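Here's run-v7.cif, which has mmCIF, C-alpha atoms:
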```cif
data_final
#
loop_
_atom_site.group_PDB
_atom_site.id
_atom_site.type_symbol
_atom_site.label_atom_id
_atom_site.label_comp_id
_atom_site.auth_asym_id
_atom_site.auth_seq_id
_atom_site.Cartn_x
_atom_site.Cartn_y
_atom_site.Cartn_z
ATOM 1 C CA MET A 1225 -1.925 -8.492 -31.452
ATOM 2 C CA ASP A 1226 1.492 -7.632 -32.839
ATOM 3 C CA ASN A 1227 3.786 -4.985 -31.333
ATOM 4 C CA ALA A 1228 2.852 -2.294 -33.861
ATOM 5 C CA GLN A 1229 -0.859 -2.758 -33.121
ATOM 6 C CA LYS A 1230 -0.160 -2.754 -29.403
ATOM 7 C CA GLN A 1231 1.794 0.513 -29.662
ATOM 8 C CA GLU A 1232 -0.948 2.135 -31.737
ATOM 9 C CA LEU A 1233 -3.524 1.125 -29.136
ATOM 10 C CA TYR A 1234 -1.344 2.553 -26.360
ATOM 11 C CA ASN A 1235 -1.016 5.828 -28.285
ATOM 12 C CA ASN A 1236 -4.820 6.129 -28.362
ATOM 13 C CA VAL A 1237 -5.191 5.094 -24.726
ATOM 14 C CA LYS A 1238 -2.547 7.578 -23.573
ATOM 15 C CA ARG A 1239 -4.250 10.389 -25.463
ATOM 16 C CA ASP A 1240 -7.556 9.541 -23.775
ATOM 17 C CA ILE A 1241 -6.143 9.093 -20.270
ATOM 18 C CA PHE A 1242 -4.081 12.292 -20.431
ATOM 19 C CA ALA A 1243 -7.075 14.291 -21.677
ATOM 20 C CA ILE A 1244 -9.461 12.886 -19.052
ATOM 21 C CA CYS A 1245 -7.023 13.273 -16.141
ATOM 22 C CA GLU A 1246 -5.755 16.725 -17.093
ATOM 23 C CA GLY A 1247 -6.345 19.077 -14.180
ATOM 24 C CA GLU A 1248 -7.729 16.342 -11.914
ATOM 25 C CA SER A 1249 -6.142 16.370 -8.454
ATOM 26 C CA ASN A 1250 -8.021 13.458 -6.847
ATOM 27 C CA THR A 1251 -5.802 10.373 -6.786
ATOM 28 C CA ILE A 1252 -8.670 7.859 -6.548
ATOM 29 C CA ALA A 1253 -10.468 9.443 -9.504
ATOM 30 C CA LYS A 1254 -7.309 9.161 -11.609
ATOM 31 C CA MET A 1255 -6.778 5.530 -10.579
ATOM 32 C CA ALA A 1256 -10.389 4.616 -11.380
ATOM 33 C CA THR A 1257 -10.121 6.287 -14.791
ATOM 34 C CA ILE A 1258 -6.834 4.605 -15.701
ATOM 35 C CA SER A 1259 -8.166 1.176 -14.647
ATOM 36 C CA CYS A 1260 -11.337 1.609 -16.698
ATOM 37 C CA VAL A 1261 -9.717 2.960 -19.861
ATOM 38 C CA LEU A 1262 -6.972 0.306 -19.906
ATOM 39 C CA LYS A 1263 -9.346 -2.599 -19.171
ATOM 40 C CA GLN A 1264 -11.749 -1.487 -21.915
ATOM 41 C CA ALA A 1265 -8.978 -0.999 -24.495
ATOM 42 C CA PHE A 1266 -7.019 -4.238 -24.092
ATOM 43 C CA PRO A 1267 -9.041 -7.457 -24.364
ATOM 44 C CA HIS A 1268 -6.276 -9.519 -22.726
ATOM 45 C CA PHE A 1269 -6.222 -7.329 -19.572
ATOM 46 C CA TYR A 1270 -8.105 -9.741 -17.308
ATOM 47 C CA TRP A 1271 -7.659 -7.659 -14.142
ATOM 48 C CA CYS A 1272 -6.514 -4.043 -14.079
ATOM 49 C CA GLY A 1273 -6.214 -1.855 -11.029
ATOM 50 C CA PHE A 1274 -4.304 -0.432 -8.137
ATOM 51 C CA TYR A 1275 -3.046 -1.622 -4.787
ATOM 52 C CA ASN A 1276 -2.476 1.388 -2.563
ATOM 53 C CA VAL A 1277 0.026 1.861 0.236
ATOM 54 C CA ASP A 1278 -1.785 1.491 3.550
ATOM 55 C CA ASN A 1279 -0.295 4.190 5.739
ATOM 56 C CA SER A 1280 -1.817 2.616 8.863
ATOM 57 C CA LYS A 1281 -0.074 -0.741 8.275
ATOM 58 C CA GLU A 1282 3.644 -0.654 7.639
ATOM 59 C CA SER A 1283 4.799 -2.280 4.400
ATOM 60 C CA GLU A 1284 1.370 -3.399 3.208
ATOM 61 C CA LEU A 1285 -0.756 -2.697 0.151
ATOM 62 C CA VAL A 1286 -4.548 -2.602 0.194
ATOM 63 C CA VAL A 1287 -6.774 -3.023 -2.856
ATOM 64 C CA GLY A 1288 -7.814 0.214 -4.550
ATOM 65 C CA PRO A 1289 -9.801 1.063 -7.665
ATOM 66 C CA TYR A 1290 -9.853 -1.790 -10.178
ATOM 67 C CA GLN A 1291 -11.738 -3.492 -13.007
ATOM 68 C CA GLY A 1292 -12.049 -7.273 -13.039
ATOM 69 C CA THR A 1293 -12.769 -10.205 -10.761
ATOM 70 C CA LEU A 1294 -12.345 -10.089 -6.997
ATOM 71 C CA GLY A 1295 -8.828 -9.023 -6.046
ATOM 72 C CA CYS A 1296 -6.807 -9.841 -2.952
ATOM 73 C CA LEU A 1297 -7.611 -7.347 -0.213
ATOM 74 C CA ARG A 1298 -4.068 -6.970 1.152
ATOM 75 C CA ILE A 1299 -0.570 -7.743 -0.065
ATOM 76 C CA PRO A 1300 2.578 -7.419 2.071
ATOM 77 C CA TYR A 1301 5.675 -5.805 0.550
ATOM 78 C CA GLY A 1302 7.956 -8.460 -0.927
ATOM 79 C CA LYS A 1303 5.123 -10.971 -1.469
ATOM 80 C CA GLY A 1304 3.945 -11.770 -4.982
ATOM 81 C CA VAL A 1305 4.459 -9.555 -8.005
ATOM 82 C CA CYS A 1306 2.750 -6.508 -6.458
ATOM 83 C CA GLY A 1307 4.677 -6.758 -3.199
ATOM 84 C CA THR A 1308 7.937 -7.200 -5.084
ATOM 85 C CA ALA A 1309 7.263 -4.086 -7.177
ATOM 86 C CA ALA A 1310 6.381 -2.122 -4.027
ATOM 87 C CA GLN A 1311 9.552 -3.217 -2.273
ATOM 88 C CA SER A 1312 11.936 -2.790 -5.243
ATOM 89 C CA LEU A 1313 10.226 0.277 -6.768
ATOM 90 C CA GLU A 1314 10.810 -1.368 -10.170
ATOM 91 C CA THR A 1315 8.312 -2.529 -12.789
ATOM 92 C CA GLN A 1316 7.842 -6.295 -12.736
ATOM 93 C CA ILE A 1317 6.929 -8.377 -15.797
ATOM 94 C CA VAL A 1318 6.101 -12.030 -15.180
ATOM 95 C CA GLU A 1319 5.388 -14.276 -18.172
ATOM 96 C CA ASP A 1320 4.063 -17.164 -16.052
ATOM 97 C CA VAL A 1321 2.859 -16.287 -12.555
ATOM 98 C CA TYR A 1322 2.865 -19.951 -11.531
ATOM 99 C CA ALA A 1323 6.602 -20.177 -12.239
ATOM 100 C CA ILE A 1324 7.518 -17.727 -9.477
ATOM 101 C CA GLU A 1325 7.926 -18.980 -5.933
ATOM 102 C CA ASN A 1326 6.119 -16.247 -4.003
ATOM 103 C CA HIS A 1327 3.093 -15.799 -6.300
ATOM 104 C CA ILE A 1328 -0.179 -14.888 -4.610
ATOM 105 C CA THR A 1329 -3.183 -16.512 -6.273
ATOM 106 C CA CYS A 1330 -6.008 -13.973 -6.103
ATOM 107 C CA ASP A 1331 -7.692 -15.509 -9.146
ATOM 108 C CA PRO A 1332 -6.458 -18.825 -10.601
ATOM 109 C CA LYS A 1333 -7.273 -17.660 -14.153
ATOM 110 C CA SER A 1334 -4.442 -15.131 -14.027
ATOM 111 C CA GLN A 1335 -1.471 -16.401 -16.063
ATOM 112 C CA SER A 1336 0.852 -13.406 -16.582
ATOM 113 C CA GLU A 1337 1.261 -10.045 -14.914
ATOM 114 C CA ILE A 1338 2.851 -6.612 -15.064
ATOM 115 C CA VAL A 1339 3.093 -4.321 -12.042
ATOM 116 C CA VAL A 1340 4.223 -0.687 -12.184
ATOM 117 C CA PRO A 1341 5.103 1.260 -9.004
ATOM 118 C CA VAL A 1342 3.237 4.566 -8.634
ATOM 119 C CA LEU A 1343 5.308 7.343 -7.082
ATOM 120 C CA GLU A 1344 4.014 10.767 -6.188
ATOM 121 C CA ASN A 1345 6.649 13.357 -5.261
ATOM 122 C CA GLY A 1346 9.213 10.547 -5.060
ATOM 123 C CA LYS A 1347 7.181 8.475 -2.561
ATOM 124 C CA LEU A 1348 5.432 5.158 -3.290
ATOM 125 C CA ILE A 1349 1.660 5.589 -3.080
ATOM 126 C CA SER A 1350 0.461 2.556 -5.049
ATOM 127 C CA VAL A 1351 1.200 -0.055 -7.696
ATOM 128 C CA LEU A 1352 -0.670 -0.520 -10.976
ATOM 129 C CA ASP A 1353 -1.354 -4.249 -11.357
ATOM 130 C CA ILE A 1354 -2.467 -5.786 -14.647
ATOM 131 C CA ASP A 1355 -3.115 -9.506 -15.040
ATOM 132 C CA SER A 1356 -3.790 -11.480 -18.205
ATOM 133 C CA ASP A 1357 -5.397 -14.877 -18.580
ATOM 134 C CA VAL A 1358 -2.817 -15.625 -21.301
ATOM 135 C CA LYS A 1359 0.842 -16.432 -20.558
ATOM 136 C CA ALA A 1360 3.545 -13.989 -21.709
ATOM 137 C CA SER A 1361 1.075 -11.191 -22.489
ATOM 138 C CA PHE A 1362 3.368 -8.336 -21.456
ATOM 139 C CA ASN A 1363 6.608 -6.975 -22.876
ATOM 140 C CA ASP A 1364 8.715 -3.801 -22.989
ATOM 141 C CA ILE A 1365 6.033 -1.977 -25.011
ATOM 142 C CA ASP A 1366 3.638 -2.422 -22.087
ATOM 143 C CA LYS A 1367 6.334 -1.446 -19.585
ATOM 144 C CA GLU A 1368 7.341 1.754 -21.398
ATOM 145 C CA ASN A 1369 3.775 2.910 -22.066
ATOM 146 C CA LEU A 1370 2.380 2.071 -18.637
ATOM 147 C CA GLU A 1371 5.330 3.777 -16.942
ATOM 148 C CA GLU A 1372 4.729 6.846 -19.125
ATOM 149 C CA ILE A 1373 1.046 6.908 -18.147
ATOM 150 C CA ILE A 1374 1.819 6.566 -14.433
ATOM 151 C CA ASN A 1375 4.648 9.119 -14.457
ATOM 152 C CA ARG A 1376 2.656 11.707 -16.351
ATOM 153 C CA VAL A 1377 -0.624 11.356 -14.456
ATOM 154 C CA PHE A 1378 0.831 11.143 -10.939
ATOM 155 C CA ASN A 1379 3.744 13.611 -11.179
#
```
Could you render the structure from this file as structure tokens?
Amino acid sequence: MDNAQKQELYNNVKRDIFAICEGESNTIAKMATISCVLKQAFPHFYWCGFYNVDNSKESELVVGPYQGTLGCLRIPYGKGVCGTAAQSLETQIVEDVYAIENHITCDPKSQSEIVVPVLENGKLISVLDIDSDVKASFNDIDKENLEEIINRVFN
């Protein structure tokens, strides 16, 4: 899929997600919807879902709504791509997950990953984690569109 096709697909996905989530106040319902719509739209999204801040355990994420194979149940801040995004509050794009030192292998088929922090009222509540079974699947088009989805739906 070239960048123009990818952007066109994101335009359609954003329209759908924004329409479905409009007026919805339940965070879990919005996360489940986003995971489903994204996973169905992009064939290379091998795993798509959320890791939520666990308010009962300091600096730890716990698996939330997702689509895909079994995910890790918990991820500490600073560990792996999700933990790094949670700690830095910055979107992470990794072309080859096996090339990074602190990668967490939840599913060995995962090859590349993008993780977007989810802030609500300026506070981290979750991260959106998307894995692909193809290396270098994600670029700035993914980053910009996924950040737009997250910012619009959760703020």
Given the PyMOL selection byres ((chain A and resi 1377) around 9), the residues it picks as a ChimeraX atom specification: /A:1241-1242,1245-1246,1254,1372-1376,1378-1379
Shortest interatomic distance to Ile1324 (chain A) - which of A:Val1358, A:Val1305, A:Leu1262, A:Ile1338, counting only C-alpha atoms: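 Nearest candidate to Ile1324 (chain A) out of A:Val1358, A:Val1305, A:Leu1262, A:Ile1338: A:Val1305.
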Close residues, Gln1311 (chain A) itself excluded, 10 Å, all atoms listed in the file, min 4 positions apart in chain, as a list in words: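 Result of the neighbour search: Ser1283, Glu1284, Pro1300, Tyr1301, Gly1302, Lys1303, Val1305, Cys1306, Gly1307, Pro1341 and Leu1348 of chain A.
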Best match for closeness to Gln1229 (chain A) among A:Asp1366, A:Asp1278, A:Asp1357, A:Glu1337, counting only C-alpha atoms: A:Asp1366
The PyMOL selection byres ((chain A and resi 1353) around 8) applied to the shown file, residues as a ChimeraX atom specification: /A:1271-1275,1306,1337-1340,1351-1352,1354-1355
Based on the selection just made, write C-alpha atoms of those residues as a tab-separated table (two decimals), keeping the file's coordinate frame.
```tsv
chain	number	residue	atom	x	y	z
A	1271	TRP	CA	-7.66	-7.66	-14.14
A	1272	CYS	CA	-6.51	-4.04	-14.08
A	1273	GLY	CA	-6.21	-1.86	-11.03
A	1274	PHE	CA	-4.30	-0.43	-8.14
A	1275	TYR	CA	-3.05	-1.62	-4.79
A	1306	CYS	CA	2.75	-6.51	-6.46
A	1337	GLU	CA	1.26	-10.04	-14.91
A	1338	ILE	CA	2.85	-6.61	-15.06
A	1339	VAL	CA	3.09	-4.32	-12.04
A	1340	VAL	CA	4.22	-0.69	-12.18
A	1351	VAL	CA	1.20	-0.06	-7.70
A	1352	LEU	CA	-0.67	-0.52	-10.98
A	1354	ILE	CA	-2.47	-5.79	-14.65
A	1355	ASP	CA	-3.12	-9.51	-15.04
```
Pick from A:Cys1330, A:Ile1258, A:Ala1265, A:Leu1313, whichever lies nearest to Lys1230 (chain A) using only C-alpha atoms: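 Of A:Cys1330, A:Ile1258, A:Ala1265, A:Leu1313, the one nearest Lys1230 (chain A) is A:Ala1265, counting only C-alpha atoms.
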Using all atoms listed in the file: which of A:Val1277, A:Leu1370, A:Val1286, A:Ala1323 has the shortest distance to Ser1350 (chain A):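 Selected residue with least distance to Ser1350 (chain A): A:Val1277.
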Interatomic distance, CA of Gln1335 (chain A) to CA of Ala1360 (chain A) (Å, one decimal):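 About the pair CA of Gln1335 (chain A) and CA of Ala1360 (chain A): they are 7.9 Å apart.
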Nearest candidate to Asn1369 (chain A) (options A:Glu1344, A:Glu1232, A:Asp1226, A:Glu1325; using only C-alpha atoms):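 Ranked by minimum distance to Asn1369 (chain A), first place goes to A:Glu1232.
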Distance criterion (all atoms listed in the file): nearest to Phe1362 (chain A) out of A:Lys1263, A:His1268, A:Leu1233, A:Thr1251: A:His1268
Listed atoms of region 1348-1353 of chain A boxed along x, y and z, 5 Å each side, centre and edge lengths in Å, one decimal, as JSON:
```
{"center_x": 2.0, "center_y": 0.7, "center_z": -7.2, "size_x": 16.8, "size_y": 19.8, "size_z": 18.3}
```
Atom-to-atom span, CA of Val1237 (chain A) and CA of Val1321 (chain A), Å: 25.9 Å
Length of the CA of Ser1336 (chain A) to CA of Ala1228 (chain A) vector [Å]: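 For CA of Ser1336 (chain A) relative to CA of Ala1228 (chain A), the distance reads 20.6 Å.
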All residues 12 Å or closer to Leu1294 (chain A), only C-alpha atoms, same chain fewer than 4 positions away omitted, as a list in words: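 Surrounding residues, per the criterion: Tyr1270, Trp1271, Cys1272, Gly1273, Val1287, Gly1288, Pro1289, Tyr1290, Thr1329, Cys1330, Asp1331, Pro1332, Lys1333 and Ser1334 of chain A.
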Expected file: the selected residues, C-alpha atoms, as a short mmCIF file (atom, residue, chain, number, x, y, z; two decimals), keeping the file's coordinate frame:
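Heads up, here's the output in result-v6.cif:
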```cif
data_model
loop_
_atom_site.label_atom_id
_atom_site.label_comp_id
_atom_site.auth_asym_id
_atom_site.auth_seq_id
_atom_site.Cartn_x
_atom_site.Cartn_y
_atom_site.Cartn_z
CA TYR A 1270 -8.10 -9.74 -17.31
CA TRP A 1271 -7.66 -7.66 -14.14
CA CYS A 1272 -6.51 -4.04 -14.08
CA GLY A 1273 -6.21 -1.86 -11.03
CA VAL A 1287 -6.77 -3.02 -2.86
CA GLY A 1288 -7.81 0.21 -4.55
CA PRO A 1289 -9.80 1.06 -7.66
CA TYR A 1290 -9.85 -1.79 -10.18
CA THR A 1329 -3.18 -16.51 -6.27
CA CYS A 1330 -6.01 -13.97 -6.10
CA ASP A 1331 -7.69 -15.51 -9.15
CA PRO A 1332 -6.46 -18.82 -10.60
CA LYS A 1333 -7.27 -17.66 -14.15
CA SER A 1334 -4.44 -15.13 -14.03
#
```
